[in-house]
$ cat my_file15.csv   # CSV, C-alpha atoms
chain,number,residue,atom,x,y,z
A,929,MET,CA,57.8,17.6,-24.4
A,930,ASN,CA,58.9,21.0,-25.8
A,931,ASN,CA,58.9,24.5,-24.5
A,932,TYR,CA,55.6,25.3,-26.1
A,933,ASP,CA,53.6,22.4,-24.5
A,934,PRO,CA,51.6,23.3,-21.4
A,935,VAL,CA,52.6,21.3,-18.3
A,936,PHE,CA,50.6,20.6,-15.2
A,937,ARG,CA,51.3,19.5,-11.6
A,938,ILE,CA,49.6,16.5,-10.1
A,939,GLY,CA,46.9,18.6,-8.4
A,940,ASP,CA,46.0,20.2,-11.7
A,941,VAL,CA,45.7,16.8,-13.4
A,942,SER,CA,43.6,15.5,-10.5
A,943,ARG,CA,41.1,18.3,-10.9
A,944,MET,CA,41.0,18.1,-14.7
A,945,VAL,CA,40.4,14.3,-14.9
A,946,GLY,CA,38.4,14.0,-11.7
A,947,ILE,CA,40.5,11.3,-9.9
A,948,ALA,CA,42.6,11.4,-6.7
A,949,PRO,CA,46.3,12.2,-6.8
A,950,GLU,CA,47.0,8.8,-5.2
A,951,THR,CA,45.3,7.1,-8.2
A,952,ILE,CA,47.6,9.0,-10.6
A,953,ARG,CA,50.6,8.0,-8.6
A,954,TYR,CA,49.4,4.4,-8.8
A,955,TYR,CA,49.4,4.7,-12.6
A,956,GLU,CA,52.9,6.0,-12.4
A,957,ARG,CA,54.0,3.0,-10.3
A,958,LYS,CA,52.5,0.8,-13.0
A,959,ASN,CA,54.6,2.7,-15.5
A,960,VAL,CA,51.5,3.8,-17.4
A,961,LEU,CA,52.4,7.5,-16.9
A,962,ARG,CA,56.0,8.8,-17.2
A,963,PRO,CA,55.9,12.4,-16.1
A,964,SER,CA,59.0,14.6,-16.2
A,965,LYS,CA,60.4,16.4,-13.2
A,966,ASN,CA,61.0,20.1,-12.7
A,967,ASP,CA,64.7,20.5,-12.2
A,968,GLY,CA,64.1,23.4,-9.8
A,969,ASN,CA,61.7,22.0,-7.2
A,970,GLY,CA,61.5,18.2,-8.1
A,971,TYR,CA,57.7,18.3,-8.7
A,972,ARG,CA,56.3,15.9,-11.3
A,973,MET,CA,55.2,17.7,-14.4
A,974,TYR,CA,52.6,16.3,-16.7
A,975,SER,CA,52.2,17.2,-20.4
A,976,MET,CA,48.9,17.3,-22.2
A,977,GLU,CA,49.9,14.1,-23.8
A,978,ASP,CA,50.1,12.5,-20.3
A,979,VAL,CA,46.6,13.8,-19.5
A,980,CYS,CA,45.3,12.3,-22.8
A,981,THR,CA,47.1,9.0,-22.1
A,982,LEU,CA,45.5,8.9,-18.6
A,983,THR,CA,42.0,9.4,-19.9
A,984,LYS,CA,42.5,6.8,-22.6
A,985,ILE,CA,43.8,4.3,-20.0
A,986,ARG,CA,40.7,4.8,-17.8
A,987,CYS,CA,38.4,4.5,-20.8
A,988,PHE,CA,39.9,1.1,-21.7
A,989,MET,CA,39.7,0.0,-18.1
A,990,LYS,CA,35.9,0.9,-18.0
A,991,TYR,CA,35.5,-1.6,-20.9
A,992,GLY,CA,37.0,-4.3,-18.6
A,993,PHE,CA,40.6,-4.3,-19.6
A,994,SER,CA,43.2,-4.6,-16.9
A,995,ILE,CA,45.6,-1.7,-16.4
A,996,GLU,CA,48.4,-3.6,-18.1
A,997,GLU,CA,46.2,-4.4,-21.1
A,998,ALA,CA,44.9,-0.9,-21.3
A,999,GLU,CA,48.5,0.5,-21.3
A,1000,ARG,CA,49.5,-1.9,-24.2
A,1001,LEU,CA,46.4,-0.8,-26.2
A,1002,VAL,CA,47.2,2.9,-25.7
A,1003,HIS,CA,50.8,2.6,-26.7
A,1004,SER,CA,50.4,-0.3,-29.2
A,1005,VAL,CA,51.9,0.2,-32.7
A,1006,ASP,CA,50.3,-3.0,-33.9
A,1007,ALA,CA,46.8,-2.1,-35.0
A,1008,GLN,CA,45.9,-5.7,-35.8
A,1009,SER,CA,46.7,-6.9,-32.3
A,1010,ALA,CA,44.9,-4.0,-30.7
A,1011,SER,CA,41.8,-4.7,-32.9
A,1012,TYR,CA,41.9,-8.3,-31.9
A,1013,SER,CA,42.0,-7.4,-28.2
A,1014,MET,CA,39.1,-5.0,-28.6
A,1015,PHE,CA,37.0,-7.5,-30.6
A,1016,ARG,CA,37.6,-10.1,-27.9
A,1017,MET,CA,36.4,-7.7,-25.2
A,1018,GLU,CA,33.4,-6.7,-27.4
A,1019,ASP,CA,32.4,-10.4,-27.5
A,1020,MET,CA,32.8,-10.7,-23.7
A,1021,LEU,CA,30.7,-7.6,-23.1
A,1022,GLN,CA,28.0,-8.9,-25.4
A,1023,LYS,CA,27.8,-12.1,-23.4
A,1024,LYS,CA,27.6,-10.1,-20.2
A,1025,ILE,CA,24.8,-8.0,-21.7
A,1026,ASP,CA,22.9,-11.1,-22.7
A,1027,GLU,CA,23.3,-12.6,-19.2
A,1028,GLN,CA,22.1,-9.4,-17.6
A,1029,LEU,CA,19.2,-9.1,-20.0
A,1030,LYS,CA,18.1,-12.6,-19.0
A,1031,LEU,CA,18.3,-11.7,-15.4
A,1032,TYR,CA,16.4,-8.5,-16.0
A,1033,GLN,CA,13.6,-10.4,-17.8
A,1034,SER,CA,13.6,-13.0,-15.0
A,1035,LEU,CA,13.3,-10.3,-12.4
A,1036,GLN,CA,10.4,-8.8,-14.3
A,1037,LYS,CA,8.6,-12.1,-14.3
A,1038,ARG,CA,9.2,-12.5,-10.6
A,1039,VAL,CA,7.7,-9.1,-9.9
A,1040,TYR,CA,4.7,-10.1,-12.1
A,1041,TYR,CA,4.2,-13.4,-10.4
A,1042,LEU,CA,4.4,-11.8,-6.9
A,1043,GLN,CA,1.9,-9.1,-7.9
A,1044,SER,CA,-0.4,-11.9,-9.3
A,1045,VAL,CA,-0.2,-13.7,-6.0
A,1046,MET,CA,-1.1,-10.6,-4.1
A,1047,ASN,CA,-3.9,-9.6,-6.5
A,1048,GLN,CA,-5.5,-13.0,-6.9
A,1049,GLN,CA,-6.1,-13.8,-3.3
A,1050,GLY,CA,-9.9,-14.4,-2.9
A,1051,ASN,CA,-10.3,-14.2,-6.7
A,1052,TYR,CA,-10.8,-17.1,-9.1
A,1053,SER,CA,-10.1,-17.3,-12.8
A,1054,VAL,CA,-10.7,-20.3,-15.1
A,1055,ILE,CA,-7.6,-20.4,-17.4
A,1056,ASP,CA,-5.7,-22.7,-19.6
A,1057,MET,CA,-2.8,-23.9,-17.5
A,1058,PRO,CA,0.5,-23.1,-19.2
A,1059,ALA,CA,2.7,-26.1,-20.1
A,1060,PHE,CA,5.4,-26.7,-17.6
A,1061,HIS,CA,8.1,-29.2,-16.5
A,1062,VAL,CA,8.5,-30.6,-13.0
A,1063,LEU,CA,11.5,-32.3,-11.3
A,1064,HIS,CA,9.9,-34.4,-8.6
A,1065,THR,CA,12.3,-34.4,-5.7
A,1066,TYR,CA,10.3,-35.7,-2.7
A,1067,ASP,CA,7.3,-37.9,-2.0
A,1068,GLN,CA,6.1,-40.1,0.8
A,1069,ASN,CA,9.2,-42.4,0.2
A,1070,GLY,CA,11.6,-39.5,0.9
A,1071,LEU,CA,14.1,-37.5,-1.1
A,1072,ASP,CA,15.0,-38.7,-4.6
A,1073,GLU,CA,18.8,-38.0,-4.9
A,1074,THR,CA,19.1,-39.6,-8.3
A,1075,LYS,CA,17.9,-36.6,-10.2
A,1076,PRO,CA,19.7,-33.3,-11.0
A,1077,ILE,CA,18.4,-31.4,-8.0
A,1078,ALA,CA,21.5,-29.2,-7.7
A,1079,TYR,CA,21.2,-27.9,-11.2
A,1080,TRP,CA,17.6,-26.9,-10.7
A,1081,TYR,CA,18.2,-25.3,-7.3
A,1082,ASN,CA,21.1,-23.3,-8.8
A,1083,HIS,CA,18.7,-21.8,-11.4
A,1084,GLN,CA,16.3,-20.3,-8.9
A,1085,GLU,CA,16.0,-17.2,-11.1
A,1086,PHE,CA,13.2,-18.9,-13.0
A,1087,VAL,CA,12.6,-22.2,-11.2
A,1088,TYR,CA,10.1,-22.4,-8.4
A,1089,PRO,CA,9.3,-24.9,-5.6
A,1090,CYS,CA,6.0,-26.7,-6.1
A,1091,THR,CA,3.8,-29.1,-4.3
A,1092,PHE,CA,1.1,-31.5,-5.7
A,1093,PHE,CA,-1.9,-32.1,-3.4
A,1094,GLU,CA,-4.5,-34.9,-3.8
A,1095,PRO,CA,-7.9,-33.4,-4.4
A,1096,ALA,CA,-9.8,-35.1,-1.6
A,1097,THR,CA,-7.4,-34.2,1.1
A,1098,PHE,CA,-6.9,-30.7,-0.3
A,1099,LEU,CA,-10.5,-29.7,0.1
A,1100,THR,CA,-10.5,-30.6,3.7
A,1101,GLY,CA,-7.4,-28.6,4.4
A,1102,SER,CA,-5.3,-31.7,5.0
A,1103,SER,CA,-2.0,-32.2,3.3
A,1104,GLY,CA,-2.5,-35.9,2.8
A,1105,LYS,CA,-0.2,-37.5,0.3
A,1106,ILE,CA,1.9,-34.9,-1.4
A,1107,ARG,CA,4.7,-34.8,-4.0
A,1108,MET,CA,7.2,-31.9,-3.9
A,1109,GLY,CA,9.6,-30.7,-6.5
A,1110,MET,CA,10.8,-27.8,-8.7
A,1111,MET,CA,8.9,-26.5,-11.6
A,1112,VAL,CA,9.6,-24.3,-14.6
A,1113,PHE,CA,7.1,-23.0,-17.2
A,1114,ASP,CA,8.0,-24.1,-20.8
A,1115,SER,CA,8.2,-20.4,-21.8
A,1116,ASP,CA,10.8,-19.6,-19.1
A,1117,ALA,CA,12.8,-22.8,-19.9
A,1118,GLU,CA,12.9,-22.0,-23.6
A,1119,MET,CA,14.0,-18.4,-23.0
A,1120,ASN,CA,16.8,-19.5,-20.7
A,1121,HIS,CA,17.9,-22.6,-22.6
A,1122,PHE,CA,17.2,-24.7,-19.5
A,1123,ASP,CA,18.2,-28.3,-19.4
A,1124,MET,CA,15.0,-30.2,-18.3
A,1125,THR,CA,16.7,-33.7,-18.3
A,1126,GLY,CA,15.0,-35.9,-15.7
A,1127,SER,CA,11.8,-33.8,-15.5
A,1128,VAL,CA,8.2,-34.6,-16.3
A,1129,ARG,CA,6.3,-32.4,-18.7
A,1130,TYR,CA,2.7,-31.5,-17.9
A,1131,TRP,CA,0.5,-30.3,-20.7
A,1132,SER,CA,-1.9,-27.4,-20.5
A,1133,GLY,CA,-5.6,-27.9,-19.5
A,1134,SER,CA,-8.5,-26.0,-18.0
A,1135,CYS,CA,-7.9,-25.0,-14.4
A,1136,ILE,CA,-8.9,-22.6,-11.7
A,1137,TYR,CA,-6.2,-20.1,-10.9
A,1138,THR,CA,-6.1,-18.4,-7.5
A,1139,SER,CA,-3.6,-17.7,-4.8
A,1140,ALA,CA,-3.2,-18.1,-1.0
A,1141,VAL,CA,-0.8,-17.8,1.9
A,1142,PHE,CA,0.2,-21.0,3.5
A,1143,THR,CA,2.2,-21.6,6.7
A,1144,GLN,CA,4.9,-24.1,7.4
A,1145,ASN,CA,2.2,-26.3,8.8
A,1146,GLY,CA,0.6,-26.7,5.4
A,1147,ILE,CA,-2.5,-25.4,3.7
A,1148,HIS,CA,-5.2,-23.4,5.4
A,1149,ALA,CA,-8.5,-25.2,5.9
A,1150,ASP,CA,-10.5,-22.0,5.6
A,1151,ALA,CA,-9.0,-21.2,2.2
A,1152,CYS,CA,-9.7,-24.7,1.0
A,1153,ARG,CA,-13.3,-24.6,2.1
A,1154,ILE,CA,-13.8,-21.4,0.2
A,1155,ILE,CA,-12.3,-22.9,-2.9
A,1156,GLY,CA,-14.6,-25.9,-2.4
A,1157,LYS,CA,-17.7,-23.6,-2.2
A,1158,TYR,CA,-16.6,-21.9,-5.4
A,1159,LEU,CA,-16.2,-25.2,-7.2
A,1160,GLU,CA,-19.7,-26.2,-6.1
A,1161,GLN,CA,-21.2,-22.9,-7.1
A,1162,GLU,CA,-19.6,-23.1,-10.6
A,1163,GLN,CA,-20.5,-26.8,-10.9
A,1164,LEU,CA,-16.9,-27.7,-11.5
A,1165,LEU,CA,-15.1,-30.9,-10.5
A,1166,ILE,CA,-11.4,-31.3,-9.7
A,1167,ASN,CA,-9.8,-33.2,-12.5
A,1168,GLY,CA,-6.3,-34.1,-11.1
A,1169,ASP,CA,-3.8,-33.1,-8.4
A,1170,ILE,CA,-3.7,-29.5,-7.3
A,1171,LEU,CA,-0.5,-27.7,-8.1
A,1172,SER,CA,0.8,-25.2,-5.6
A,1173,ARG,CA,3.7,-23.0,-6.7
A,1174,THR,CA,5.6,-21.0,-4.1
A,1175,VAL,CA,6.4,-17.5,-5.5
A,1176,ALA,CA,7.6,-15.8,-2.4
A,1177,THR,CA,8.2,-16.4,1.3
A,1178,GLY,CA,7.9,-14.2,4.4
A,1179,ARG,CA,7.8,-14.3,8.2
A,1180,ASN,CA,5.2,-12.9,10.6
A,1181,ASN,CA,5.5,-13.3,14.4
A,1182,ASP,CA,8.0,-16.2,14.0
A,1183,VAL,CA,5.7,-18.0,11.6
A,1184,ASP,CA,7.0,-18.8,8.1
A,1185,LEU,CA,4.6,-17.7,5.4
A,1186,PHE,CA,4.5,-19.1,1.8
A,1187,TYR,CA,2.8,-17.0,-0.9
A,1188,VAL,CA,1.6,-19.5,-3.4
A,1189,GLU,CA,-0.2,-19.7,-6.7
A,1190,LEU,CA,-2.8,-22.5,-7.0
A,1191,TYR,CA,-3.6,-24.3,-10.2
A,1192,ILE,CA,-6.6,-26.5,-9.7
A,1193,PRO,CA,-7.4,-28.7,-12.8
A,1194,VAL,CA,-11.2,-28.8,-13.4
A,1195,LYS,CA,-13.9,-30.2,-15.6
A,1196,LYS,CA,-17.7,-29.6,-15.8
$ encode --input "my_file15.csv" --output "structure tokens"
Amino acid sequence: MNNYDPVFRIGDVSRMVGIAPETIRYYERKNVLRPSKNDGNGYRMYSMEDVCTLTKIRCFMKYGFSIEEAERLVHSVDAQSASYSMFRMEDMLQKKIDEQLKLYQSLQKRVYYLQSVMNQQGNYSVIDMPAFHVLHTYDQNGLDETKPIAYWYNHQEFVYPCTFFEPATFLTGSSGKIRMGMMVFDSDAEMNHFDMTGSVRYWSGSCIYTSAVFTQNGIHADACRIIGKYLEQEQLLINGDILSRTVATGRNNDVDLFYVELYIPVKK
């Protein structure tokens, strides 16, 4: 620092940079800043170079560098080493961006699925069922612990609980024999590089798509009867087990609610 350089007290630097004086003192304790002292009153005095160093340190810390790493980058005389550190952080940030983008896309789909459930109640559409994979985890014989259940449950961002109902019992509103598991559409699995080891793939086919709200006691008989009337009206026959996919859950008056999509395979 020479006699022509402007100098600042800690309060001035705090206002200029927009951080608390205690934070500036923390950087001093970490030996990032090395202010001079006024011989007359003992106040710390900061040069414009100190202010620039402080802003650079904070910039590198925003990238994800620790304060020690940021200090080395600011004061480094080895451009190659500094470049390597920044390239490494660039790669880490890109991976985080990719992960966040996948979560964003998954959240978009969850919103779409939930809106579909709400809008489709009482409505029926004949569609081609998208291809999907199912990990069957439970049937009348109990829980199957030999399959990678934990992996599927830990990827709930795009995996959904599902239940298969037998046609005859479904139309009467009785659960009957059921199989439970986790399902993922092929499109979601491919986008997320999901490991579907141990699962069963179901191909697409013609089905009725609708939605309903079930309780913990099972399917609603009234909803099933309405579906049965629709099938009769359209002269359609159920052509396999009905798939129920739980998209969201809720609670009303101490009753658990399950908002489900129903895929009912049909044929003329």
$ closest_residue --input "my_file15.csv" --among "A:Met976, A:Val1194, A:Leu982, A:Ile1155" --to "Ile947 (chain A)" --atoms "all atoms listed in the file"
A:Leu982
$ closest_residue --input "my_file15.csv" --among "A:Leu1099, A:Ile938, A:Val1175, A:Val1054" --to "Phe1086 (chain A)" --atoms "all atoms listed in the file"
A:Val1175
$ residues_around --input "my_file15.csv" --residues "Asn1047 (chain A)" --least-positions-apart "3" --cutoff "12 Å" --atoms "all atoms listed in the file" --output "ChimeraX atom specification"
/A:1040-1044,1050-1053,1137-1140,1187-1189
$ residues_around --input "my_file15.csv" --residues "Gly1109 (chain A)" --least-positions-apart "3" --cutoff "7 Å" --atoms "all atoms listed in the file" --output "ChimeraX atom specification"
/A:1062-1066,1089-1091
$ atom_distance --input "my_file15.csv" --atom1 "CA of Leu1164 (chain A)" --atom2 "CA of Lys1196 (chain A)"
4.8 Å
$ residues_around --input "my_file15.csv" --residues "Gln1033 (chain A)" --least-positions-apart "6" --cutoff "12 Å" --atoms "only C-alpha atoms" --output "list in words"
Asp1026, Glu1027, Val1039, Tyr1040, Glu1085, Phe1086, Asp1116, Met1119 and Asn1120 of chain A
$ atom_distance --input "my_file15.csv" --atom1 "CA of Tyr1012 (chain A)" --atom2 "CA of Phe988 (chain A)"
14.0 Å
$ atom_distance --input "my_file15.csv" --atom1 "CA of Ala1117 (chain A)" --atom2 "CA of Phe1060 (chain A)"
8.7 Å
$ closest_residue --input "my_file15.csv" --among "A:Ile1106, A:Cys1152, A:Met1124, A:Ile1077" --to "Glu1094 (chain A)" --atoms "only C-alpha atoms"
A:Ile1106
$ residues_around --input "my_file15.csv" --residues "Leu1171 (chain A)" --least-positions-apart "5" --cutoff "6 Å" --atoms "all atoms listed in the file" --output "list of chain:residue names"
A:Thr1091, A:Phe1092, A:Leu1190, A:Tyr1191
$ closest_residue --input "my_file15.csv" --among "A:Asn1181, A:His1061, A:Glu1160, A:Thr1143" --to "Tyr1130 (chain A)" --atoms "all atoms listed in the file"
A:His1061
$ closest_residue --input "my_file15.csv" --among "A:Pro1095, A:Ser1034, A:Asp1056, A:Val935" --to "His1083 (chain A)" --atoms "only C-alpha atoms"
A:Ser1034
$ closest_residue --input "my_file15.csv" --among "A:Ser1009, A:Thr1174, A:Gln1022, A:Asn1180" --to "Met1108 (chain A)" --atoms "all atoms listed in the file"
A:Thr1174
$ residues_around --input "my_file15.csv" --residues "Val960 (chain A)" --least-positions-apart "2" --cutoff "12 Å" --atoms "only C-alpha atoms" --output "ChimeraX atom specification"
/A:951-958,962-963,978-986,994-1003
$ decode --input "my_file15.csv" --residues "region 934-947 of chain A" --atoms "C-alpha atoms" --output "short mmCIF file (atom, residue, chain, number, x, y, z; two decimals), in the first residue's frame"
data_model
loop_
_atom_site.label_atom_id
_atom_site.label_comp_id
_atom_site.auth_asym_id
_atom_site.auth_seq_id
_atom_site.Cartn_x
_atom_site.Cartn_y
_atom_site.Cartn_z
CA PRO A 934 -7.32 4.95 -0.77
CA VAL A 935 -7.83 3.07 2.48
CA PHE A 936 -11.04 2.07 4.22
CA ARG A 937 -12.19 1.09 7.68
CA ILE A 938 -14.10 -2.16 8.22
CA GLY A 939 -17.47 -0.38 8.29
CA ASP A 940 -16.76 1.17 4.90
CA VAL A 941 -15.80 -2.22 3.41
CA SER A 942 -18.90 -3.79 4.93
CA ARG A 943 -21.14 -1.26 3.19
CA MET A 944 -19.24 -1.45 -0.10
CA VAL A 945 -19.30 -5.24 -0.37
CA GLY A 946 -22.60 -5.85 1.41
CA ILE A 947 -21.45 -8.25 4.12
#
